[in-house]
Each structure stands twice: as C-alpha cells, then as structure tokens.
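Q: Below is the structure I would like to discuss, written out as structure tokens.
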2 protein chains.
Amino acid sequence: MSYSPLLMRLIDALRCMPGVGRKSAQRIAFHLLERDRSGADDLSKALAEAVLGIGHCKQCRMLTENDACNICADNGRNDKLLCAVESPADVMAVEDATGYRGIYFVLMGHLSPLDGIGPEELGMALLEDRLRKGNVEELIIATNPTVEGDATAHYLAELAQKHSVQASRIAHGVPLGGELEYVDGGTLSHAFFGRRAID
Amino acid sequence: MSYSPLLMRLIDALRCMPGVGRKSAQRIAFHLLERDRSGADDLSKALAEAVLGIGHCKQCRMLTENDACNICADNGRNDKLLCAVESPADVMAVEDATGYRGIYFVLMGHLSPLDGIGPEELGMALLEDRLRKGNVEELIIATNPTVEGDATAHYLAELAQKHSVQASRIAHGVPLGGELEYVDGGTLSHAFFGRRAID
C-alpha cells in the first residue's frame with residue numbers, strides 16, 4: 001500500500017529541503033493539502049520565480065535577482081573595507097548588529113574538500129580579482145569559528161597577503177552576557193590566549 | 001537592510017510549512033538556491049500539481065487525486081470493518097503493520113474546538129451516512145491516545161452506538177520491547193487497569 005502517485009511525488013519532492021526526512025515530508029504535505037492550500041500555491045510560485053530569477057551579485061556573490069545586490073549598488077559604502085562571510089544570513093547579521101559601512105564578499109559556504117567544495121566553488125577567483133585591483137585596504141574575515149571556517153579563514157588570509165592587503169579576523173571569545181563557568185573550554189581557551197592589554 | 005524582494009518572498013512563502021520559522025526558512029532558501037535548484041524546481045511543480053489535483057476520497061476522505069482511494073477502490077476489502085484514524089499516515093502505519101483487510105475513514109485531524117475543528121471539519125456527517133447505511137458491523141477507533149484523540153474517540157463511539165454499530169478501540173498499554181521501569185505513569189496505569197485474563 002502506498003499513497004496516490006501525486007501525493008507520493010509531493011512527499012518525495014519535499015525531501016529536497018535540508019533537515020526534512022520522510023516523516024517530516026509527510027507531515028508537511030498533509031498540513032499543506034489539508035489546512036493551507038493557498039500557502040502551498042504561493043510557495044510553488046515563489047519557488048518557481050526564485051529559481052528562474054535569483055542569481056548572484058556579480059561583485060559579491062550575494063543572492064539577488066539584480067546584477068548587483070543592494071549593498072554593492074549603494075554608492076555610500078566604503079569599498080576599501082571588504083568583509084568575507086559564509087552566507088547571506090551572515091551579511092544580515094553583521095548589517096543589523098554592527099553599523100559596518102564597508103562592502104561584503106559572500107563565499108556561499110566554506111572550504112570542505114570532502115563535500116567537493118574547494119576555492120573554485122567559493123568564488124575565490126572573483127575575490128582575488130577584487131584584491132588585485134588594489135582598491136581594498138582591509139579584508140575582514142568573518143567566517144564561522146568552526147574547523148572548516150578556520151581553514152577558509154586561513155586560505156583567505158594567505159590570499160590577502162599575496163596581494164598586500166591587510167587581513168583581520170573578527171574576535172572570538174566569551175560572548176557578552178555569558179558566564180565563564182558555562183562557556184565551553186575551547187572558547188575560554190581562545191579568549192584567554194587572545195587577551196588584550198587594558199590601556 | 002534586507003534581502004532582495006524575490007528572496008524575501010521565497011523566505012516568507014517557506015514559512016507556510018509547519019515547524020518552519022524565519023531562520024529555518026532562510027536556511028532552506030539558501031540551500032535550495034545554492035545547492036539544489038533542480039530540487040526546488042521539482043518541488044514547485046509537485047506543489048502546484050498537488051494543490052490542483054489532490055482532493056479527498058469520496059468515501060473515506062483519504063488524500064487522493066482520484067474519486068476513490070486505492071483502498072476504497074479495492075473490491076477485495078471487507079467493508080463490514082471500518083477503522084477510523086486521524087491522518088493518512090495512520091492508514092499507512094496500520095496497513096504496514098497489521099494485515100487488516102477492512103476499510104478506513106480518515107478524519108484528517110481530531111476534535112479541537114479551540115482551533116475551530118469540530119465534527120463538521122472531520123467529515124462526521126459522511127461517516128454517519130456510512131454507519132446509517134447498515135453495512136458496517138464494527139467501527140474500530142484508532143485515534144491517538146491524546147486528550148483530543150480520546151475526545152474524538154468518545155464522540156465516534158457515541159455515533160456508532162446511535163446507529164447500533166459495535167465500536168471498539170485499539171488497545172493502549174506497554175509497547176512491545178518497552179520496559180516497565182521506563183514507561184510513563186499514564187501508560188502503565190492504563191495497561192494495569194486494562195489487564196486481560198489469561199485463559
């Protein structure tokens with residue numbers, strides 16, 4: 001016994017999403033068909049238009065349907081500061097929290113040779129072009145503090161050095177509001193050895 | 001700062017799925033656009049076709065694109081036994097596990113007045129028609145052992161009684177392979193008071 005072909009197809013198709021297995025896909029399919037058909041319809045159209053329309057910003061690889069993303073198209077940004085991040089969500093996080101007025105480069109991932117993601121997949125050639133042009137004075141590396149993020153940061157730092165661009169990495173340590181007692185050992189050790197003199 | 005309009009729309013649309021909030025929707029959107037555009041395309045088409053094509057089985061309310069679902073269309077099933085379940089997934093679970101050869105009635109939910117789900121939304125009129133016709137000899141109630149499922153079971157049992165149909169409920173107790181020590185109190189109490197004589 002199995003579901004009808006169309007329902008089976010929907011359940012299978014839903015599994016293309018990360019974190020969605022067979023059971024979740026069933027639950028989503030039943031919910032959409034039973035309680036939210038207009039939502040399903042909107043989603044179908046939004047997906048089709050996004051797949052067709054959304055590409056990468058030609059300058060920073062941000063996902064956008066235009067040639068340049070909002071930030072790259074903004075003449076008021078300081079293009080001497082370039083911040084490299086792993087994902088579009090990181091751009092939003094930095095924008096919302098920091099008041100940074102430079103520009104970005106979105107890697108769309110991190111170096112992960114086992115998954116077949118090397119410098120090429122991360123658009124490193126485009127970044128190198130950018131560094132070679134000589135406009136950028138500082139490359140701020142804001143990859144995640146994970147093994148892959150660290151490897152990517154190392155690669156980026158070498159790239160910057162090669163083109164005589166100052167590289168820096170955002171600070172890692174005890175988060176504000178965090179308590180030493182509950183912070184994991186790696187973070188505490190990092191914070192300890194990265195201590196700064198108080199003037 | 002925000003994402004481009006098309007990307008925003010996709011992220012919003014993804015939130016129609018149960019359990020998907022803003023962060024998950026972002027993660028799914030980036031994954032689909034970056035790593036699985038053909039999957040997103042398939043999903044878009046599957047959703048559109050499902051919304052257009054899939055309705056309910058006229059006899060048992062199962063989700064299907066045909067007038068009758070596979071089970072109702074099967075002449076080999078015993079239509080004297082009717083099993084009421086909450087969702088299409090429950091039909092599959094019973095089919096896979098039990099060798100039951102009767103037919104089903106899929107409520108597509110449970111009584112939940114606070115969510116506006118009453119007897120009407122669960123197709124009780126259709127079920128009552130079925131019981132009134134006099135073909136059904138036993139209504140096997142297989143709603144979930146939750147508060148709402150119990151209330152629904154109670155309602156169904158009264159409906160069966162009204163039409164002089166024998167009602168039964170599937171047994172609840174300690175699951176096979178479970179250990180008394182780790183079973184929750186409610187289940188154990190249920191199993192204890194529902195004990196059966198050994199012949």
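Going through the structure tokens in order, the chains are called A, B, and so on, while each chain numbers its residues from 1 and the ligands are numbered from 1 in the order shown.
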Please produce, as a Markdown table, a per-residue contact table for chain A versus chain B (criterion: any atom at most 8 Å away, only C-alpha atoms considered), showing the nearest atom pair and its distance in Å to one decimal, sorted by chain then residue number.
A:
```
| residue | atom | partner | partner_atom | distance |
| --- | --- | --- | --- | --- |
| A:Met1 | CA | B:Glu95 | CA | 6.9 |
| A:Ser2 | CA | B:Met92 | CA | 7.0 |
| A:Tyr3 | CA | B:Thr64 | CA | 7.6 |
| A:Ser4 | CA | B:Thr64 | CA | 5.6 |
| A:Leu6 | CA | B:Ala50 | CA | 6.1 |
| A:Leu7 | CA | B:Ala50 | CA | 6.7 |
| A:Arg9 | CA | B:Ala46 | CA | 6.5 |
| A:Leu10 | CA | B:Ala46 | CA | 5.1 |
| A:Ala13 | CA | B:Leu43 | CA | 4.9 |
| A:Leu14 | CA | B:Leu43 | CA | 6.2 |
| A:Cys16 | CA | B:Gly39 | CA | 5.6 |
| A:Met17 | CA | B:Ile28 | CA | 6.0 |
| A:Pro18 | CA | B:Ile28 | CA | 6.3 |
| A:Gln26 | CA | B:Ala89 | CA | 7.4 |
| A:Ile28 | CA | B:Met17 | CA | 6.0 |
| A:Phe30 | CA | B:Pro88 | CA | 7.9 |
| A:His31 | CA | B:Pro18 | CA | 7.2 |
| A:Leu32 | CA | B:Met17 | CA | 7.0 |
| A:Leu33 | CA | B:Val51 | CA | 6.7 |
| A:Glu34 | CA | B:Met108 | CA | 7.5 |
| A:Asp36 | CA | B:Cys16 | CA | 7.5 |
| A:Arg37 | CA | B:Val51 | CA | 6.2 |
| A:Gly39 | CA | B:Cys16 | CA | 5.6 |
| A:Ala40 | CA | B:Leu47 | CA | 6.3 |
| A:Asp41 | CA | B:Ala48 | CA | 6.1 |
| A:Asp42 | CA | B:Ala13 | CA | 6.2 |
| A:Leu43 | CA | B:Ala13 | CA | 4.9 |
| A:Ser44 | CA | B:Ser44 | CA | 4.2 |
| A:Lys45 | CA | B:Ser44 | CA | 6.8 |
| A:Ala46 | CA | B:Leu10 | CA | 5.1 |
| A:Leu47 | CA | B:Ser44 | CA | 5.6 |
| A:Ala48 | CA | B:Ser44 | CA | 5.8 |
| A:Glu49 | CA | B:Leu6 | CA | 7.5 |
| A:Ala50 | CA | B:Leu6 | CA | 6.1 |
| A:Val51 | CA | B:Arg37 | CA | 6.2 |
| A:Gly53 | CA | B:Leu6 | CA | 7.8 |
| A:Ile54 | CA | B:Leu6 | CA | 7.2 |
| A:Leu63 | CA | B:Leu7 | CA | 7.7 |
| A:Thr64 | CA | B:Ser4 | CA | 5.6 |
| A:Glu65 | CA | B:Leu6 | CA | 7.0 |
| A:Cys69 | CA | B:Ser4 | CA | 7.5 |
| A:Asn70 | CA | B:Ser4 | CA | 7.4 |
| A:Pro88 | CA | B:Phe30 | CA | 7.9 |
| A:Ala89 | CA | B:Gln26 | CA | 7.4 |
| A:Met92 | CA | B:Ser2 | CA | 7.0 |
| A:Glu95 | CA | B:Met1 | CA | 6.9 |
| A:Asp96 | CA | B:Met1 | CA | 7.5 |
| A:Met108 | CA | B:Glu34 | CA | 7.5 |
```
Q: Would you please extract all alpha helix (DSSP H) residues from segment 130-176 of chain A, as assigned by DSSP on the backbone, and give them as a list in words?
A: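 DSSP-assigned alpha helix (DSSP H) residues in segment 130-176 of chain A: Arg130, Leu131, Arg132, Val147, Glu148, Gly149, Asp150, Ala151, Thr152, Ala153, His154, Tyr155, Leu156, Ala157, Glu158, Leu159, Ala160, Gln161 and Lys162 of chain A.
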Q: Find the residues around Val106 of chain A up to 6 Å (only C-alpha atoms counted), leave out those fewer than 5 positions away in its own chain, and share them as a tab-separated table (two decimals) with all heavy atoms, in the first residue's frame.
A:
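Written out: result.tsv:
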```tsv
chain	number	residue	atom	x	y	z
A	60	CYS	N	29.68	40.56	-5.33
A	60	CYS	CA	29.91	39.95	-4.01
A	60	CYS	C	29.30	38.56	-3.85
A	60	CYS	O	29.39	37.97	-2.79
A	60	CYS	CB	29.39	40.87	-2.91
A	60	CYS	SG	27.60	40.84	-2.74
A	61	ARG	N	28.66	38.04	-4.88
A	61	ARG	CA	28.05	36.69	-4.85
A	61	ARG	C	26.83	36.58	-3.94
A	61	ARG	O	26.34	35.50	-3.70
A	61	ARG	CB	29.08	35.63	-4.43
A	61	ARG	CG	30.33	35.62	-5.28
A	61	ARG	CD	30.72	34.26	-5.75
A	61	ARG	NE	30.70	33.24	-4.72
A	61	ARG	CZ	30.46	31.95	-4.96
A	61	ARG	NH1	30.22	31.55	-6.17
A	61	ARG	NH2	30.47	31.07	-3.99
A	62	MET	N	26.33	37.69	-3.43
A	62	MET	CA	25.09	37.66	-2.66
A	62	MET	C	23.95	37.20	-3.56
A	62	MET	O	23.94	37.48	-4.75
A	62	MET	CB	24.80	39.09	-2.16
A	62	MET	CG	23.53	39.26	-1.36
A	62	MET	SD	23.74	38.60	0.30
A	62	MET	CE	22.21	39.14	1.06
A	84	ALA	N	34.51	39.27	4.36
A	84	ALA	CA	34.18	37.98	3.77
A	84	ALA	C	33.36	37.16	4.76
A	84	ALA	O	33.79	36.95	5.89
A	84	ALA	CB	35.45	37.22	3.39
A	85	VAL	N	32.17	36.73	4.34
A	85	VAL	CA	31.30	35.91	5.20
A	85	VAL	C	30.89	34.64	4.47
A	85	VAL	O	31.05	34.54	3.25
A	85	VAL	CB	30.03	36.68	5.62
A	85	VAL	CG1	30.36	37.88	6.49
A	85	VAL	CG2	29.23	37.10	4.39
A	86	GLU	N	30.35	33.68	5.22
A	86	GLU	CA	29.99	32.39	4.61
A	86	GLU	C	28.64	32.40	3.92
A	86	GLU	O	28.44	31.67	2.95
A	86	GLU	CB	30.01	31.29	5.67
A	86	GLU	CG	31.41	30.96	6.16
A	86	GLU	CD	31.43	29.75	7.09
A	86	GLU	OE1	30.45	28.97	7.09
A	86	GLU	OE2	32.42	29.60	7.82
A	87	SER	N	27.69	33.18	4.46
A	87	SER	CA	26.34	33.08	3.88
A	87	SER	C	25.61	34.42	3.89
A	87	SER	O	25.98	35.33	4.63
A	87	SER	CB	25.53	32.05	4.66
A	87	SER	OG	24.73	32.69	5.63
```
Q: Just want the 7 Å neighbourhood of Val165 of chain B, counted on only C-alpha atoms, with same-chain residues fewer than 4 positions away dropped. Output as number ranges by chain.
A: B: 136-139, 160-161
Q: Those residues you just picked out, can you put them in a file as an mmCIF file, in the first residue's frame with N, CA, C and O atoms?
A:
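Saved result, selection-v2.cif, follows:
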```
data_model
loop_
_atom_site.group_PDB
_atom_site.id
_atom_site.type_symbol
_atom_site.label_atom_id
_atom_site.label_comp_id
_atom_site.auth_asym_id
_atom_site.auth_seq_id
_atom_site.Cartn_x
_atom_site.Cartn_y
_atom_site.Cartn_z
ATOM 1 N N VAL B 136 -21.760 -1.496 7.753
ATOM 2 C CA VAL B 136 -20.653 -1.600 8.698
ATOM 3 C C VAL B 136 -21.098 -2.309 9.975
ATOM 4 O O VAL B 136 -22.121 -1.976 10.557
ATOM 5 N N GLU B 137 -20.329 -3.321 10.399
ATOM 6 C CA GLU B 137 -20.671 -4.059 11.619
ATOM 7 C C GLU B 137 -19.830 -3.630 12.815
ATOM 8 O O GLU B 137 -20.264 -3.735 13.954
ATOM 9 N N GLU B 138 -18.572 -3.202 12.528
ATOM 10 C CA GLU B 138 -17.719 -2.773 13.637
ATOM 11 C C GLU B 138 -16.941 -1.520 13.263
ATOM 12 O O GLU B 138 -16.349 -1.456 12.176
ATOM 13 N N LEU B 139 -16.962 -0.531 14.143
ATOM 14 C CA LEU B 139 -16.157 0.671 13.948
ATOM 15 C C LEU B 139 -14.949 0.573 14.869
ATOM 16 O O LEU B 139 -15.092 0.614 16.089
ATOM 17 N N ALA B 160 -21.431 5.566 16.774
ATOM 18 C CA ALA B 160 -21.617 4.151 16.429
ATOM 19 C C ALA B 160 -22.813 3.578 17.184
ATOM 20 O O ALA B 160 -23.662 2.888 16.602
ATOM 21 N N GLN B 161 -22.877 3.906 18.470
ATOM 22 C CA GLN B 161 -23.953 3.414 19.316
ATOM 23 C C GLN B 161 -25.319 3.837 18.763
ATOM 24 O O GLN B 161 -26.255 3.047 18.694
#
```
Q: Give me the residues near Glu148 of chain A as a PyMOL selection string, where near means some atom within 8 Å (using only C-alpha atoms) and where sequence neighbours in that chain fewer than 3 positions away do not count.
A: chain A and resi 110-112+151-152
Q: Can you pull out the residues contacting Arg101 of chain B? Cut-off 12 Å, using only C-alpha atoms, and skip same-chain residues under 5 positions away; I want them as a list in words.
A: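 In the requested format, the answer is Met1 of chain A; Ile71, Cys72, Asp74, Asn75, Gly76, Arg77, Asn78, Asp79, Lys80, Leu81, Leu82, Cys83, Val91, Val94, Glu95 and Asp96 of chain B.
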Q: Going by DSSP on the backbone, which residues of chain B come out as strand (DSSP E)? List them as number ranges by chain.
A: B: 55-56, 63-64, 78-85, 102-106, 138-141, 166-169
Q: I'd like to know which of A:Gly118, A:Arg132, A:Leu126, A:Gly173 is closest to Tyr155 of chain A, using only C-alpha atoms.
A: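 Looking at the shortest contact to Tyr155 of chain A, the residue is A:Gly118.
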Q: Please list as a count of residues only every residue within 8 Å of segment 183-197 of chain B, counting only C-alpha atoms and excluding residues in the same chain fewer than 5 positions away.
A: 4
Q: What is the distance between atom CA of Ala171 of chain B and atom CA of Asp90 of chain B, in Å to one decimal?
A: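 Calculated distance between atom CA of Ala171 of chain B and atom CA of Asp90 of chain B is 15.2 Å.
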Q: Please measure the separation of atom CA of Leu107 of chain A and atom CA of Gly123 of chain A, giving the value in Å to one decimal.
A: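 Atom CA of Gly123 of chain A lies 6.5 Å from atom CA of Leu107 of chain A.
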